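To start, the structure itself, in structure tokens.
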Amino acid sequence: MIPFFQFNTISFGPITIQVWGLLVACGLLVASLIIWKRSKRLGFNPEQLLDMVLWMVVLGFVFSRVFHVVFYDLGFYISNPIDVLKIWEGGLSSFGGIFGAGVGVFLFIKKHKISKLDLLVYLDIMTFGAVFGWMIGRLGCFAIHDHWGIPCSCPLAINTPEGGRLDMALLEILGMIPLAFIFLFFRKRKMFAGWFLAVLFVYYGVLRFILDFFRATDIVYADARYFGLTPAQYFAIVLVGIGIYILWGRKNKK
């Protein structure tokens, strides 16, 4: 098993930095740099894409917190409303972030009147960068261990003081590595607009649906279950459906 560790903060003299927030910021930076470089290579305006990214990031963070509060532990936050603001302690819903990013995209294209085809190309470029930034951001969740899995003694389990247990952030990072290689393999091939976005939706939706069966149910802040499934698993089903719809529709149009 992996030896237990936990890095919540790092200090530089009088300055204390939250490790989770630092790694999320690093993920955003890496994703933005990849988006900038790829948009220039494909002949698009990188400033406009990064402007769109800003809309997506801001609304993504807002809705990721809202989804976590509403769907995962509403009773706790009703009793402790001030904790809603403590995002440095973790507690962001990835699917809430995707929903918020979608709202950002909708508002952006309404303001700038971007065509549907250009929008799909933009989203493909951002999707390509987001995969690598996402894995770096998930390292922040792994560092603070805010997504525990079921008790386990396998080689990927963390040897916590209470015994071996899976860490869902680590499993998600490992699960995303094959997708990163797929994207790298196809990055210079001519795929139809929307291909990268749709593949991400289908891949991540299936991955997340499977992984959530290994989430802890025996801890104090266990994820809520509705008819045996976590909120993320229901959102994952929707995500896969959208991805298949895009793949099917774009393939036929091509």
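By convention in this document, the chains of the structure tokens carry letters A, B, ... by their order, each chain's residues are numbered from 1, and ligands are numbered from 1 in the order they are shown.
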Near-Phe214 in chain A list (8 Å; only C-alpha atoms; drop same-chain fewer than 6 positions) as a compact mmCIF listing (two decimals) with N, CA and C atoms, in the first residue's frame:
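The new file result.txt reads:
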```txt
# COMPACT_ATOMS: atom_id res chain seq x y z
N GLY A 149 -12.19 6.54 -0.55
CA GLY A 149 -12.91 5.41 -1.09
C GLY A 149 -13.12 4.35 -0.04
N ILE A 150 -13.50 3.17 -0.47
CA ILE A 150 -13.81 2.07 0.44
C ILE A 150 -12.53 1.52 1.07
N LEU A 166 -8.96 3.31 -0.30
CA LEU A 166 -8.75 3.91 -1.62
C LEU A 166 -8.89 5.42 -1.54
N MET A 168 -10.09 8.36 -4.06
CA MET A 168 -10.78 8.47 -5.34
C MET A 168 -10.09 9.44 -6.30
```
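Shell of Leu54 in chain A at 9 Å, with only C-alpha atoms counted and residues fewer than 5 places along the chain excluded, is Leu49, Leu59 and Gly104 of chain A.
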Would you export the selected residues with N, CA and C atoms as a compact mmCIF listing (two decimals), in the first residue's frame, please?
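Contents of again14.txt, freshly written:
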```txt
# COMPACT_ATOMS: atom_id res chain seq x y z
N LEU A 49 -10.28 32.88 -27.02
CA LEU A 49 -10.47 31.59 -26.34
C LEU A 49 -10.23 31.70 -24.85
N LEU A 59 -17.70 30.75 -13.60
CA LEU A 59 -19.01 30.14 -13.39
C LEU A 59 -18.88 28.67 -13.03
N GLY A 104 -21.31 29.37 -18.75
CA GLY A 104 -20.35 30.37 -19.21
C GLY A 104 -20.26 30.40 -20.73
```
Could you give me, as JSON lines, every range 113-169 of chain A residue with an atom at most 6 Å from range 12-31 of chain A, plus its closest atom pair and distance in Å to one decimal, counting only C-alpha atoms, rows ordered by chain then number?
```
{"residue": "A:Gly129", "atom": "CA", "partner": "A:Ala31", "partner_atom": "CA", "distance": 4.5}
{"residue": "A:Ala130", "atom": "CA", "partner": "A:Ala31", "partner_atom": "CA", "distance": 5.3}
{"residue": "A:Gly133", "atom": "CA", "partner": "A:Gly27", "partner_atom": "CA", "distance": 3.9}
{"residue": "A:Ile136", "atom": "CA", "partner": "A:Gly27", "partner_atom": "CA", "distance": 4.9}
{"residue": "A:Gly137", "atom": "CA", "partner": "A:Val24", "partner_atom": "CA", "distance": 4.1}
{"residue": "A:Gly140", "atom": "CA", "partner": "A:Trp20", "partner_atom": "CA", "distance": 4.1}
```
Convert the current residue selection to file output with N, CA and C atoms, as a PDB file, in the first residue's frame.
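Dumped to result06.pdb:
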```pdb
ATOM      1  N   GLY A 129      -6.848  20.996 -23.631  1.00  0.00           N
ATOM      2  CA  GLY A 129      -6.058  21.543 -22.538  1.00  0.00           C
ATOM      3  C   GLY A 129      -6.592  21.167 -21.170  1.00  0.00           C
ATOM      4  N   ALA A 130      -7.927  21.076 -21.065  1.00  0.00           N
ATOM      5  CA  ALA A 130      -8.554  20.824 -19.769  1.00  0.00           C
ATOM      6  C   ALA A 130      -8.186  19.465 -19.195  1.00  0.00           C
ATOM      7  N   GLY A 133      -4.883  19.886 -17.388  1.00  0.00           N
ATOM      8  CA  GLY A 133      -5.073  20.730 -16.216  1.00  0.00           C
ATOM      9  C   GLY A 133      -5.895  20.046 -15.147  1.00  0.00           C
ATOM     10  N   ILE A 136      -3.796  17.695 -12.980  1.00  0.00           N
ATOM     11  CA  ILE A 136      -2.971  18.438 -12.027  1.00  0.00           C
ATOM     12  C   ILE A 136      -3.829  18.947 -10.869  1.00  0.00           C
ATOM     13  N   GLY A 137      -5.011  19.460 -11.183  1.00  0.00           N
ATOM     14  CA  GLY A 137      -5.919  19.921 -10.138  1.00  0.00           C
ATOM     15  C   GLY A 137      -6.333  18.805  -9.204  1.00  0.00           C
ATOM     16  N   GLY A 140      -4.349  18.060  -6.188  1.00  0.00           N
ATOM     17  CA  GLY A 140      -4.669  18.804  -4.974  1.00  0.00           C
ATOM     18  C   GLY A 140      -5.637  18.037  -4.091  1.00  0.00           C
TER      19      GLY A 140
END
```
Legend entry - One-decimal distance in Å that lies between CA of Ile177 in chain A and CA of Gly164 in chain A: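 Answer for the CA of Gly164 in chain A to CA of Ile177 in chain A separation: 23.8 Å.
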Legend entry - Near-range 71-81 of chain A list (9 Å; only C-alpha atoms; drop same-chain fewer than 6 positions) as a PyMOL selection string: chain A and resi 93+221-225+230-231
Okay, now the selection with C-alpha atoms, as a PDB file, in the first residue's frame?
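Contents of selection.pdb, as written:
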```
ATOM      1  CA  SER A  93     -18.521  19.000  -7.640  1.00  0.00           C
ATOM      2  CA  TYR A 221     -19.091  12.905   5.253  1.00  0.00           C
ATOM      3  CA  ALA A 222     -19.913  10.108   2.816  1.00  0.00           C
ATOM      4  CA  ASP A 223     -21.433  11.192  -0.476  1.00  0.00           C
ATOM      5  CA  ALA A 224     -25.214  11.156  -0.577  1.00  0.00           C
ATOM      6  CA  ARG A 225     -26.897   8.245  -2.354  1.00  0.00           C
ATOM      7  CA  THR A 230     -24.336   9.134  -6.068  1.00  0.00           C
ATOM      8  CA  PRO A 231     -25.386  12.445  -7.661  1.00  0.00           C
TER       9      PRO A 231
END
```
Show me, as a Markdown table, the residues of range 37-145 of chain A having an atom within 6 Å of range 186-207 of chain A, each with the closest atom pair and its distance in Å, using only C-alpha atoms.
```
| residue | atom | partner | partner_atom | distance |
| --- | --- | --- | --- | --- |
| A:Leu120 | CA | A:Gly194 | CA | 4.9 |
| A:Val121 | CA | A:Ala193 | CA | 5.2 |
| A:Asp124 | CA | A:Phe196 | CA | 5.1 |
| A:Thr127 | CA | A:Leu197 | CA | 5.8 |
```
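Near His68 in chain A, within 8 Å and counting only C-alpha atoms, sit Gly91, Leu92, Ser93 and Gly96 of chain A, not including residues fewer than 6 positions from it in the same chain.
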Inset, instruction - Within range 64-243 of chain A, find each residue whose DSSP state, derived from the backbone, is alpha helix (DSSP H), and express the selection as a ChimeraX atom specification. - result: /A:64-71,74-79,94-112,116-144,168-186,195-211,231-243
